[in-house]
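A.B. asks: My structure is in structure-v2.pdb, and what it holds is PDB, N, CA, C and O atoms:
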ATOM      1  N   MET A   1      90.741 129.864 -27.610  1.00  0.00           N
ATOM      2  CA  MET A   1      89.635 130.679 -28.074  1.00  0.00           C
ATOM      3  C   MET A   1      88.567 129.755 -28.671  1.00  0.00           C
ATOM      4  O   MET A   1      88.869 128.863 -29.457  1.00  0.00           O
ATOM      5  N   TYR A   2      87.328 129.986 -28.278  1.00  0.00           N
ATOM      6  CA  TYR A   2      86.221 129.168 -28.771  1.00  0.00           C
ATOM      7  C   TYR A   2      85.650 129.802 -30.033  1.00  0.00           C
ATOM      8  O   TYR A   2      85.337 130.989 -30.057  1.00  0.00           O
ATOM      9  N   ILE A   3      85.520 129.020 -31.090  1.00  0.00           N
ATOM     10  CA  ILE A   3      84.977 129.516 -32.352  1.00  0.00           C
ATOM     11  C   ILE A   3      83.602 128.903 -32.565  1.00  0.00           C
ATOM     12  O   ILE A   3      83.443 127.682 -32.521  1.00  0.00           O
ATOM     13  N   LEU A   4      82.610 129.760 -32.757  1.00  0.00           N
ATOM     14  CA  LEU A   4      81.247 129.276 -32.992  1.00  0.00           C
ATOM     15  C   LEU A   4      81.121 128.726 -34.408  1.00  0.00           C
ATOM     16  O   LEU A   4      81.726 129.243 -35.339  1.00  0.00           O
ATOM     17  N   PRO A   5      80.327 127.674 -34.572  1.00  0.00           N
ATOM     18  CA  PRO A   5      80.090 127.144 -35.918  1.00  0.00           C
ATOM     19  C   PRO A   5      79.309 128.145 -36.769  1.00  0.00           C
ATOM     20  O   PRO A   5      78.608 129.017 -36.252  1.00  0.00           O
ATOM     21  N   ARG A   6      79.441 128.011 -38.062  1.00  0.00           N
ATOM     22  CA  ARG A   6      78.812 128.940 -38.997  1.00  0.00           C
ATOM     23  C   ARG A   6      77.293 128.979 -38.850  1.00  0.00           C
ATOM     24  O   ARG A   6      76.683 130.047 -38.913  1.00  0.00           O
ATOM     25  N   ALA A   7      76.659 127.853 -38.617  1.00  0.00           N
ATOM     26  CA  ALA A   7      75.201 127.812 -38.486  1.00  0.00           C
ATOM     27  C   ALA A   7      74.735 128.578 -37.253  1.00  0.00           C
ATOM     28  O   ALA A   7      73.718 129.279 -37.295  1.00  0.00           O
ATOM     29  N   THR A   8      75.480 128.483 -36.164  1.00  0.00           N
ATOM     30  CA  THR A   8      75.109 129.204 -34.946  1.00  0.00           C
ATOM     31  C   THR A   8      75.259 130.701 -35.141  1.00  0.00           C
ATOM     32  O   THR A   8      74.417 131.489 -34.693  1.00  0.00           O
ATOM     33  N   LEU A   9      76.328 131.123 -35.816  1.00  0.00           N
ATOM     34  CA  LEU A   9      76.520 132.545 -36.093  1.00  0.00           C
ATOM     35  C   LEU A   9      75.406 133.086 -36.985  1.00  0.00           C
ATOM     36  O   LEU A   9      74.927 134.203 -36.781  1.00  0.00           O
ATOM     37  N   LEU A  10      75.002 132.304 -37.960  1.00  0.00           N
ATOM     38  CA  LEU A  10      73.914 132.723 -38.840  1.00  0.00           C
ATOM     39  C   LEU A  10      72.614 132.869 -38.055  1.00  0.00           C
ATOM     40  O   LEU A  10      71.872 133.840 -38.242  1.00  0.00           O
ATOM     41  N   ALA A  11      72.339 131.939 -37.153  1.00  0.00           N
ATOM     42  CA  ALA A  11      71.126 132.014 -36.335  1.00  0.00           C
ATOM     43  C   ALA A  11      71.144 133.254 -35.445  1.00  0.00           C
ATOM     44  O   ALA A  11      70.136 133.956 -35.328  1.00  0.00           O
ATOM     45  N   LEU A  12      72.278 133.537 -34.825  1.00  0.00           N
ATOM     46  CA  LEU A  12      72.371 134.727 -33.980  1.00  0.00           C
ATOM     47  C   LEU A  12      72.227 136.006 -34.789  1.00  0.00           C
ATOM     48  O   LEU A  12      71.578 136.961 -34.359  1.00  0.00           O
ATOM     49  N   PHE A  13      72.828 136.038 -35.963  1.00  0.00           N
ATOM     50  CA  PHE A  13      72.723 137.215 -36.830  1.00  0.00           C
ATOM     51  C   PHE A  13      71.276 137.470 -37.233  1.00  0.00           C
ATOM     52  O   PHE A  13      70.790 138.609 -37.168  1.00  0.00           O
ATOM     53  N   LEU A  14      70.575 136.422 -37.639  1.00  0.00           N
ATOM     54  CA  LEU A  14      69.167 136.584 -38.031  1.00  0.00           C
ATOM     55  C   LEU A  14      68.290 136.982 -36.846  1.00  0.00           C
ATOM     56  O   LEU A  14      67.353 137.768 -36.998  1.00  0.00           O
ATOM     57  N   ALA A  15      68.604 136.460 -35.665  1.00  0.00           N
ATOM     58  CA  ALA A  15      67.836 136.822 -34.474  1.00  0.00           C
ATOM     59  C   ALA A  15      68.027 138.290 -34.124  1.00  0.00           C
ATOM     60  O   ALA A  15      67.066 138.983 -33.774  1.00  0.00           O
ATOM     61  N   VAL A  16      69.241 138.777 -34.248  1.00  0.00           N
ATOM     62  CA  VAL A  16      69.495 140.202 -33.965  1.00  0.00           C
ATOM     63  C   VAL A  16      68.809 141.086 -34.999  1.00  0.00           C
ATOM     64  O   VAL A  16      68.247 142.135 -34.658  1.00  0.00           O
ATOM     65  N   LEU A  17      68.810 140.676 -36.258  1.00  0.00           N
ATOM     66  CA  LEU A  17      68.091 141.450 -37.276  1.00  0.00           C
ATOM     67  C   LEU A  17      66.593 141.507 -36.974  1.00  0.00           C
ATOM     68  O   LEU A  17      65.955 142.553 -37.124  1.00  0.00           O
ATOM     69  N   ALA A  18      66.030 140.395 -36.544  1.00  0.00           N
ATOM     70  CA  ALA A  18      64.608 140.384 -36.176  1.00  0.00           C
ATOM     71  C   ALA A  18      64.356 141.294 -34.982  1.00  0.00           C
ATOM     72  O   ALA A  18      63.341 141.999 -34.935  1.00  0.00           O
ATOM     73  N   GLY A  19      65.271 141.298 -34.030  1.00  0.00           N
ATOM     74  CA  GLY A  19      65.131 142.171 -32.873  1.00  0.00           C
ATOM     75  C   GLY A  19      65.201 143.642 -33.235  1.00  0.00           C
ATOM     76  O   GLY A  19      64.431 144.461 -32.730  1.00  0.00           O
ATOM     77  N   LEU A  20      66.119 143.993 -34.123  1.00  0.00           N
ATOM     78  CA  LEU A  20      66.211 145.386 -34.568  1.00  0.00           C
ATOM     79  C   LEU A  20      64.951 145.816 -35.304  1.00  0.00           C
ATOM     80  O   LEU A  20      64.451 146.930 -35.112  1.00  0.00           O
ATOM     81  N   ALA A  21      64.436 144.943 -36.142  1.00  0.00           N
ATOM     82  CA  ALA A  21      63.210 145.263 -36.876  1.00  0.00           C
ATOM     83  C   ALA A  21      62.025 145.435 -35.927  1.00  0.00           C
ATOM     84  O   ALA A  21      61.229 146.364 -36.077  1.00  0.00           O
ATOM     85  N   ALA A  22      61.923 144.560 -34.941  1.00  0.00           N
ATOM     86  CA  ALA A  22      60.806 144.662 -33.989  1.00  0.00           C
ATOM     87  C   ALA A  22      60.913 145.931 -33.159  1.00  0.00           C
ATOM     88  O   ALA A  22      59.907 146.621 -32.932  1.00  0.00           O
ATOM     89  N   GLY A  23      62.106 146.264 -32.704  1.00  0.00           N
ATOM     90  CA  GLY A  23      62.293 147.480 -31.926  1.00  0.00           C
ATOM     91  C   GLY A  23      61.965 148.729 -32.719  1.00  0.00           C
ATOM     92  O   GLY A  23      61.327 149.659 -32.217  1.00  0.00           O
ATOM     93  N   THR A  24      62.378 148.749 -33.979  1.00  0.00           N
ATOM     94  CA  THR A  24      62.086 149.900 -34.838  1.00  0.00           C
ATOM     95  C   THR A  24      60.591 150.030 -35.097  1.00  0.00           C
ATOM     96  O   THR A  24      60.028 151.134 -35.042  1.00  0.00           O
ATOM     97  N   LEU A  25      59.937 148.914 -35.344  1.00  0.00           N
ATOM     98  CA  LEU A  25      58.495 148.941 -35.590  1.00  0.00           C
ATOM     99  C   LEU A  25      57.729 149.447 -34.369  1.00  0.00           C
ATOM    100  O   LEU A  25      56.855 150.314 -34.486  1.00  0.00           O
ATOM    101  N   VAL A  26      58.071 148.936 -33.205  1.00  0.00           N
ATOM    102  CA  VAL A  26      57.379 149.358 -31.979  1.00  0.00           C
ATOM    103  C   VAL A  26      57.644 150.829 -31.698  1.00  0.00           C
ATOM    104  O   VAL A  26      56.748 151.572 -31.298  1.00  0.00           O
ATOM    105  N   ARG A  27      58.883 151.268 -31.914  1.00  0.00           N
ATOM    106  CA  ARG A  27      59.210 152.667 -31.654  1.00  0.00           C
ATOM    107  C   ARG A  27      58.432 153.601 -32.580  1.00  0.00           C
ATOM    108  O   ARG A  27      57.977 154.669 -32.163  1.00  0.00           O
ATOM    109  N   HIS A  28      58.227 153.192 -33.824  1.00  0.00           N
ATOM    110  CA  HIS A  28      57.477 154.027 -34.759  1.00  0.00           C
ATOM    111  C   HIS A  28      55.980 153.996 -34.479  1.00  0.00           C
ATOM    112  O   HIS A  28      55.286 154.989 -34.723  1.00  0.00           O
ATOM    113  N   LEU A  29      55.472 152.882 -33.982  1.00  0.00           N
ATOM    114  CA  LEU A  29      54.031 152.791 -33.732  1.00  0.00           C
ATOM    115  C   LEU A  29      53.619 153.455 -32.431  1.00  0.00           C
ATOM    116  O   LEU A  29      52.616 154.166 -32.383  1.00  0.00           O
ATOM    117  N   TRP A  30      54.370 153.201 -31.343  1.00  0.00           N
ATOM    118  CA  TRP A  30      53.951 153.692 -30.038  1.00  0.00           C
ATOM    119  C   TRP A  30      54.851 154.783 -29.455  1.00  0.00           C
ATOM    120  O   TRP A  30      54.554 155.322 -28.408  1.00  0.00           O
ATOM    121  N   HIS A  31      55.965 155.091 -30.099  1.00  0.00           N
ATOM    122  CA  HIS A  31      56.886 156.143 -29.654  1.00  0.00           C
ATOM    123  C   HIS A  31      57.329 155.965 -28.206  1.00  0.00           C
ATOM    124  O   HIS A  31      57.437 156.926 -27.457  1.00  0.00           O
ATOM    125  N   ASP A  32      57.573 154.739 -27.819  1.00  0.00           N
ATOM    126  CA  ASP A  32      57.992 154.444 -26.452  1.00  0.00           C
ATOM    127  C   ASP A  32      59.309 153.667 -26.514  1.00  0.00           C
ATOM    128  O   ASP A  32      59.358 152.554 -27.016  1.00  0.00           O
ATOM    129  N   GLN A  33      60.373 154.269 -25.966  1.00  0.00           N
ATOM    130  CA  GLN A  33      61.700 153.660 -26.037  1.00  0.00           C
ATOM    131  C   GLN A  33      61.799 152.387 -25.192  1.00  0.00           C
ATOM    132  O   GLN A  33      62.412 151.415 -25.608  1.00  0.00           O
ATOM    133  N   VAL A  34      61.192 152.397 -24.009  1.00  0.00           N
ATOM    134  CA  VAL A  34      61.268 151.223 -23.136  1.00  0.00           C
ATOM    135  C   VAL A  34      60.545 150.039 -23.772  1.00  0.00           C
ATOM    136  O   VAL A  34      61.060 148.913 -23.780  1.00  0.00           O
ATOM    137  N   LEU A  35      59.378 150.281 -24.324  1.00  0.00           N
ATOM    138  CA  LEU A  35      58.632 149.221 -24.994  1.00  0.00           C
ATOM    139  C   LEU A  35      59.391 148.702 -26.215  1.00  0.00           C
ATOM    140  O   LEU A  35      59.382 147.497 -26.501  1.00  0.00           O
ATOM    141  N   ALA A  36      60.089 149.591 -26.910  1.00  0.00           N
ATOM    142  CA  ALA A  36      60.872 149.172 -28.077  1.00  0.00           C
ATOM    143  C   ALA A  36      62.025 148.252 -27.666  1.00  0.00           C
ATOM    144  O   ALA A  36      62.300 147.260 -28.340  1.00  0.00           O
ATOM    145  N   VAL A  37      62.682 148.562 -26.556  1.00  0.00           N
ATOM    146  CA  VAL A  37      63.785 147.718 -26.081  1.00  0.00           C
ATOM    147  C   VAL A  37      63.261 146.356 -25.642  1.00  0.00           C
ATOM    148  O   VAL A  37      63.862 145.317 -25.945  1.00  0.00           O
ATOM    149  N   LEU A  38      62.134 146.340 -24.947  1.00  0.00           N
ATOM    150  CA  LEU A  38      61.548 145.069 -24.516  1.00  0.00           C
ATOM    151  C   LEU A  38      61.106 144.225 -25.714  1.00  0.00           C
ATOM    152  O   LEU A  38      61.312 143.010 -25.734  1.00  0.00           O
ATOM    153  N   ALA A  39      60.508 144.868 -26.701  1.00  0.00           N
ATOM    154  CA  ALA A  39      60.081 144.140 -27.897  1.00  0.00           C
ATOM    155  C   ALA A  39      61.289 143.604 -28.663  1.00  0.00           C
ATOM    156  O   ALA A  39      61.256 142.482 -29.183  1.00  0.00           O
ATOM    157  N   SER A  40      62.350 144.378 -28.703  1.00  0.00           N
ATOM    158  CA  SER A  40      63.560 143.942 -29.380  1.00  0.00           C
ATOM    159  C   SER A  40      64.162 142.712 -28.695  1.00  0.00           C
ATOM    160  O   SER A  40      64.532 141.738 -29.361  1.00  0.00           O
ATOM    161  N   ALA A  41      64.246 142.749 -27.371  1.00  0.00           N
ATOM    162  CA  ALA A  41      64.795 141.617 -26.627  1.00  0.00           C
ATOM    163  C   ALA A  41      63.924 140.368 -26.792  1.00  0.00           C
ATOM    164  O   ALA A  41      64.435 139.261 -26.989  1.00  0.00           O
ATOM    165  N   ALA A  42      62.623 140.564 -26.730  1.00  0.00           N
ATOM    166  CA  ALA A  42      61.707 139.431 -26.886  1.00  0.00           C
ATOM    167  C   ALA A  42      61.813 138.833 -28.286  1.00  0.00           C
ATOM    168  O   ALA A  42      61.787 137.605 -28.449  1.00  0.00           O
ATOM    169  N   ALA A  43      61.943 139.683 -29.294  1.00  0.00           N
ATOM    170  CA  ALA A  43      62.057 139.183 -30.671  1.00  0.00           C
ATOM    171  C   ALA A  43      63.361 138.415 -30.877  1.00  0.00           C
ATOM    172  O   ALA A  43      63.383 137.407 -31.586  1.00  0.00           O
ATOM    173  N   ILE A  44      64.449 138.879 -30.254  1.00  0.00           N
ATOM    174  CA  ILE A  44      65.720 138.167 -30.383  1.00  0.00           C
ATOM    175  C   ILE A  44      65.624 136.776 -29.773  1.00  0.00           C
ATOM    176  O   ILE A  44      66.051 135.785 -30.368  1.00  0.00           O
ATOM    177  N   VAL A  45      65.047 136.684 -28.586  1.00  0.00           N
ATOM    178  CA  VAL A  45      64.919 135.387 -27.921  1.00  0.00           C
ATOM    179  C   VAL A  45      64.007 134.459 -28.722  1.00  0.00           C
ATOM    180  O   VAL A  45      64.328 133.282 -28.937  1.00  0.00           O
ATOM    181  N   LEU A  46      62.877 134.975 -29.166  1.00  0.00           N
ATOM    182  CA  LEU A  46      61.930 134.162 -29.926  1.00  0.00           C
ATOM    183  C   LEU A  46      62.522 133.710 -31.260  1.00  0.00           C
ATOM    184  O   LEU A  46      62.408 132.534 -31.629  1.00  0.00           O
ATOM    185  N   ALA A  47      63.159 134.620 -31.976  1.00  0.00           N
ATOM    186  CA  ALA A  47      63.734 134.264 -33.272  1.00  0.00           C
ATOM    187  C   ALA A  47      64.851 133.240 -33.109  1.00  0.00           C
ATOM    188  O   ALA A  47      64.956 132.298 -33.906  1.00  0.00           O
ATOM    189  N   ASP A  48      65.669 133.399 -32.086  1.00  0.00           N
ATOM    190  CA  ASP A  48      66.749 132.431 -31.863  1.00  0.00           C
ATOM    191  C   ASP A  48      66.181 131.048 -31.547  1.00  0.00           C
ATOM    192  O   ASP A  48      66.682 130.043 -32.051  1.00  0.00           O
ATOM    193  N   ALA A  49      65.131 131.001 -30.748  1.00  0.00           N
ATOM    194  CA  ALA A  49      64.517 129.712 -30.412  1.00  0.00           C
ATOM    195  C   ALA A  49      63.915 129.042 -31.650  1.00  0.00           C
ATOM    196  O   ALA A  49      64.091 127.839 -31.867  1.00  0.00           O
ATOM    197  N   VAL A  50      63.235 129.818 -32.472  1.00  0.00           N
ATOM    198  CA  VAL A  50      62.604 129.259 -33.675  1.00  0.00           C
ATOM    199  C   VAL A  50      63.660 128.801 -34.677  1.00  0.00           C
ATOM    200  O   VAL A  50      63.559 127.710 -35.247  1.00  0.00           O
ATOM    201  N   ILE A  51      64.693 129.623 -34.887  1.00  0.00           N
ATOM    202  CA  ILE A  51      65.738 129.262 -35.846  1.00  0.00           C
ATOM    203  C   ILE A  51      66.489 128.014 -35.374  1.00  0.00           C
ATOM    204  O   ILE A  51      66.784 127.119 -36.166  1.00  0.00           O
ATOM    205  N   THR A  52      66.786 127.943 -34.087  1.00  0.00           N
ATOM    206  CA  THR A  52      67.476 126.768 -33.550  1.00  0.00           C
ATOM    207  C   THR A  52      66.615 125.513 -33.698  1.00  0.00           C
ATOM    208  O   THR A  52      67.111 124.442 -34.062  1.00  0.00           O
ATOM    209  N   LEU A  53      65.320 125.638 -33.428  1.00  0.00           N
ATOM    210  CA  LEU A  53      64.415 124.505 -33.601  1.00  0.00           C
ATOM    211  C   LEU A  53      64.380 124.040 -35.053  1.00  0.00           C
ATOM    212  O   LEU A  53      64.448 122.839 -35.336  1.00  0.00           O
ATOM    213  N   LEU A  54      64.302 124.980 -35.992  1.00  0.00           N
ATOM    214  CA  LEU A  54      64.290 124.613 -37.411  1.00  0.00           C
ATOM    215  C   LEU A  54      65.604 123.978 -37.839  1.00  0.00           C
ATOM    216  O   LEU A  54      65.614 123.021 -38.621  1.00  0.00           O
ATOM    217  N   MET A  55      66.708 124.502 -37.324  1.00  0.00           N
ATOM    218  CA  MET A  55      68.005 123.933 -37.679  1.00  0.00           C
ATOM    219  C   MET A  55      68.131 122.506 -37.161  1.00  0.00           C
ATOM    220  O   MET A  55      68.653 121.634 -37.859  1.00  0.00           O
ATOM    221  N   ARG A  56      67.652 122.257 -35.964  1.00  0.00           N
ATOM    222  CA  ARG A  56      67.696 120.895 -35.431  1.00  0.00           C
ATOM    223  C   ARG A  56      66.771 119.962 -36.209  1.00  0.00           C
ATOM    224  O   ARG A  56      67.105 118.811 -36.457  1.00  0.00           O
ATOM    225  N   ARG A  57      65.597 120.466 -36.582  1.00  0.00           N
ATOM    226  CA  ARG A  57      64.648 119.628 -37.328  1.00  0.00           C
ATOM    227  C   ARG A  57      65.200 119.230 -38.688  1.00  0.00           C
ATOM    228  O   ARG A  57      64.967 118.113 -39.157  1.00  0.00           O
ATOM    229  N   PHE A  58      65.910 120.151 -39.344  1.00  0.00           N
ATOM    230  CA  PHE A  58      66.459 119.852 -40.657  1.00  0.00           C
ATOM    231  C   PHE A  58      67.861 119.250 -40.597  1.00  0.00           C
ATOM    232  O   PHE A  58      68.494 119.034 -41.628  1.00  0.00           O
ATOM    233  N   GLY A  59      68.356 119.017 -39.391  1.00  0.00           N
ATOM    234  CA  GLY A  59      69.623 118.316 -39.223  1.00  0.00           C
ATOM    235  C   GLY A  59      70.857 119.163 -39.431  1.00  0.00           C
ATOM    236  O   GLY A  59      71.924 118.642 -39.740  1.00  0.00           O
ATOM    237  N   ILE A  60      70.735 120.472 -39.289  1.00  0.00           N
ATOM    238  CA  ILE A  60      71.894 121.346 -39.408  1.00  0.00           C
ATOM    239  C   ILE A  60      72.568 121.418 -38.048  1.00  0.00           C
ATOM    240  O   ILE A  60      71.938 121.739 -37.046  1.00  0.00           O
ATOM    241  N   ALA A  61      73.840 121.115 -37.982  1.00  0.00           N
ATOM    242  CA  ALA A  61      74.570 121.048 -36.720  1.00  0.00           C
ATOM    243  C   ALA A  61      74.695 122.429 -36.093  1.00  0.00           C
ATOM    244  O   ALA A  61      75.093 123.386 -36.735  1.00  0.00           O
ATOM    245  N   THR A  62      74.342 122.510 -34.809  1.00  0.00           N
ATOM    246  CA  THR A  62      74.482 123.757 -34.072  1.00  0.00           C
ATOM    247  C   THR A  62      75.514 123.633 -32.956  1.00  0.00           C
ATOM    248  O   THR A  62      75.737 124.581 -32.230  1.00  0.00           O
ATOM    249  N   GLU A  63      76.126 122.468 -32.798  1.00  0.00           N
ATOM    250  CA  GLU A  63      77.145 122.217 -31.775  1.00  0.00           C
ATOM    251  C   GLU A  63      76.629 122.461 -30.363  1.00  0.00           C
ATOM    252  O   GLU A  63      77.317 123.005 -29.523  1.00  0.00           O
ATOM    253  N   GLU A  64      75.376 122.102 -30.113  1.00  0.00           N
ATOM    254  CA  GLU A  64      74.805 122.268 -28.766  1.00  0.00           C
ATOM    255  C   GLU A  64      74.394 120.929 -28.226  1.00  0.00           C
ATOM    256  O   GLU A  64      74.012 120.043 -28.898  1.00  0.00           O
TER     257      GLU A  64
END
Turn this file's structure into structure tokens for me.
C.D. replies:
Amino acid sequence: MYILPRATLLALFLAVLAGLAAGTLVRHLWHDQVLAVLASAAAIVLADAVITLLMRRFGIATEE
């Protein structure tokens, strides 16, 4: 069984929280479920990329 390092789990958790927040915001502003799902997915990918970049810059091991 592969166990993810703590820093990677934290990055994924924060990315999912950002995605949920973005989806909720879009759904409340435009009342469109498809747009909310797309915004949520885009926010997860963007947040994960930014968090991973910051972790690498500050020398936090991500095991990648």
A.B. asks: Restricting the calculation to only C-alpha atoms, which member of A:Ala15, A:Ile3, A:Leu29, A:Leu9 is positioned closest to A:Leu46?
C.D. replies: A:Ala15
A.B. asks: DSSP says alpha helix (DSSP H) for which residues of stretch 31-62 of chain A? Put them as a tab-separated table (two decimals) with N, CA, C and O atoms, in the coordinates of the input?
C.D. replies:
chain	number	residue	atom	x	y	z
A	33	GLN	N	60.37	154.27	-25.97
A	33	GLN	CA	61.70	153.66	-26.04
A	33	GLN	C	61.80	152.39	-25.19
A	33	GLN	O	62.41	151.42	-25.61
A	34	VAL	N	61.19	152.40	-24.01
A	34	VAL	CA	61.27	151.22	-23.14
A	34	VAL	C	60.54	150.04	-23.77
A	34	VAL	O	61.06	148.91	-23.78
A	35	LEU	N	59.38	150.28	-24.32
A	35	LEU	CA	58.63	149.22	-24.99
A	35	LEU	C	59.39	148.70	-26.22
A	35	LEU	O	59.38	147.50	-26.50
A	36	ALA	N	60.09	149.59	-26.91
A	36	ALA	CA	60.87	149.17	-28.08
A	36	ALA	C	62.02	148.25	-27.67
A	36	ALA	O	62.30	147.26	-28.34
A	37	VAL	N	62.68	148.56	-26.56
A	37	VAL	CA	63.78	147.72	-26.08
A	37	VAL	C	63.26	146.36	-25.64
A	37	VAL	O	63.86	145.32	-25.94
A	38	LEU	N	62.13	146.34	-24.95
A	38	LEU	CA	61.55	145.07	-24.52
A	38	LEU	C	61.11	144.22	-25.71
A	38	LEU	O	61.31	143.01	-25.73
A	39	ALA	N	60.51	144.87	-26.70
A	39	ALA	CA	60.08	144.14	-27.90
A	39	ALA	C	61.29	143.60	-28.66
A	39	ALA	O	61.26	142.48	-29.18
A	40	SER	N	62.35	144.38	-28.70
A	40	SER	CA	63.56	143.94	-29.38
A	40	SER	C	64.16	142.71	-28.70
A	40	SER	O	64.53	141.74	-29.36
A	41	ALA	N	64.25	142.75	-27.37
A	41	ALA	CA	64.80	141.62	-26.63
A	41	ALA	C	63.92	140.37	-26.79
A	41	ALA	O	64.44	139.26	-26.99
A	42	ALA	N	62.62	140.56	-26.73
A	42	ALA	CA	61.71	139.43	-26.89
A	42	ALA	C	61.81	138.83	-28.29
A	42	ALA	O	61.79	137.60	-28.45
A	43	ALA	N	61.94	139.68	-29.29
A	43	ALA	CA	62.06	139.18	-30.67
A	43	ALA	C	63.36	138.42	-30.88
A	43	ALA	O	63.38	137.41	-31.59
A	44	ILE	N	64.45	138.88	-30.25
A	44	ILE	CA	65.72	138.17	-30.38
A	44	ILE	C	65.62	136.78	-29.77
A	44	ILE	O	66.05	135.78	-30.37
A	45	VAL	N	65.05	136.68	-28.59
A	45	VAL	CA	64.92	135.39	-27.92
A	45	VAL	C	64.01	134.46	-28.72
A	45	VAL	O	64.33	133.28	-28.94
A	46	LEU	N	62.88	134.98	-29.17
A	46	LEU	CA	61.93	134.16	-29.93
A	46	LEU	C	62.52	133.71	-31.26
A	46	LEU	O	62.41	132.53	-31.63
A	47	ALA	N	63.16	134.62	-31.98
A	47	ALA	CA	63.73	134.26	-33.27
A	47	ALA	C	64.85	133.24	-33.11
A	47	ALA	O	64.96	132.30	-33.91
A	48	ASP	N	65.67	133.40	-32.09
A	48	ASP	CA	66.75	132.43	-31.86
A	48	ASP	C	66.18	131.05	-31.55
A	48	ASP	O	66.68	130.04	-32.05
A	49	ALA	N	65.13	131.00	-30.75
A	49	ALA	CA	64.52	129.71	-30.41
A	49	ALA	C	63.92	129.04	-31.65
A	49	ALA	O	64.09	127.84	-31.87
A	50	VAL	N	63.24	129.82	-32.47
A	50	VAL	CA	62.60	129.26	-33.67
A	50	VAL	C	63.66	128.80	-34.68
A	50	VAL	O	63.56	127.71	-35.25
A	51	ILE	N	64.69	129.62	-34.89
A	51	ILE	CA	65.74	129.26	-35.85
A	51	ILE	C	66.49	128.01	-35.37
A	51	ILE	O	66.78	127.12	-36.17
A	52	THR	N	66.79	127.94	-34.09
A	52	THR	CA	67.48	126.77	-33.55
A	52	THR	C	66.61	125.51	-33.70
A	52	THR	O	67.11	124.44	-34.06
A	53	LEU	N	65.32	125.64	-33.43
A	53	LEU	CA	64.42	124.50	-33.60
A	53	LEU	C	64.38	124.04	-35.05
A	53	LEU	O	64.45	122.84	-35.34
A	54	LEU	N	64.30	124.98	-35.99
A	54	LEU	CA	64.29	124.61	-37.41
A	54	LEU	C	65.60	123.98	-37.84
A	54	LEU	O	65.61	123.02	-38.62
A	55	MET	N	66.71	124.50	-37.32
A	55	MET	CA	68.00	123.93	-37.68
A	55	MET	C	68.13	122.51	-37.16
A	55	MET	O	68.65	121.63	-37.86
A	56	ARG	N	67.65	122.26	-35.96
A	56	ARG	CA	67.70	120.90	-35.43
A	56	ARG	C	66.77	119.96	-36.21
A	56	ARG	O	67.10	118.81	-36.46
A	57	ARG	N	65.60	120.47	-36.58
A	57	ARG	CA	64.65	119.63	-37.33
A	57	ARG	C	65.20	119.23	-38.69
A	57	ARG	O	64.97	118.11	-39.16
A.B. asks: Find the spatial neighbours of A:Ala11, counting all atoms listed in the file, within a cut-off of 8 Å - ignore same-chain residues fewer than 5 positions away - and output them as a count of residues only.
C.D. replies: 11
A.B. asks: I would like the residues chosen by the PyMOL selection byres (((chain A and resi 36 and name CA) around 10) and name CA) on the shown file; could you give them as JSON, numbers by chain?
C.D. replies: {"A": [19, 20, 21, 22, 23, 24, 25, 26, 27, 28, 29, 30, 31, 32, 33, 34, 35, 37, 38, 39, 40, 41, 42]}
A.B. asks: Report, in Å to a single decimal, how far apart atom N of A:Thr8 and atom CA of A:Val45 are.
C.D. replies: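 According to the coordinates, atom CA of A:Val45 and atom N of A:Thr8 are separated by 15.1 Å.
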A.B. asks: Between atom N of A:Met55 and atom O of A:Leu10, what is the distance, to one decimal in Å?
C.D. replies: 10.7 Å
A.B. asks: Can you work out the spacing between atom O of A:Ile60 and atom C of A:Ala43 in Å, to one decimal?
C.D. replies: 19.7 Å
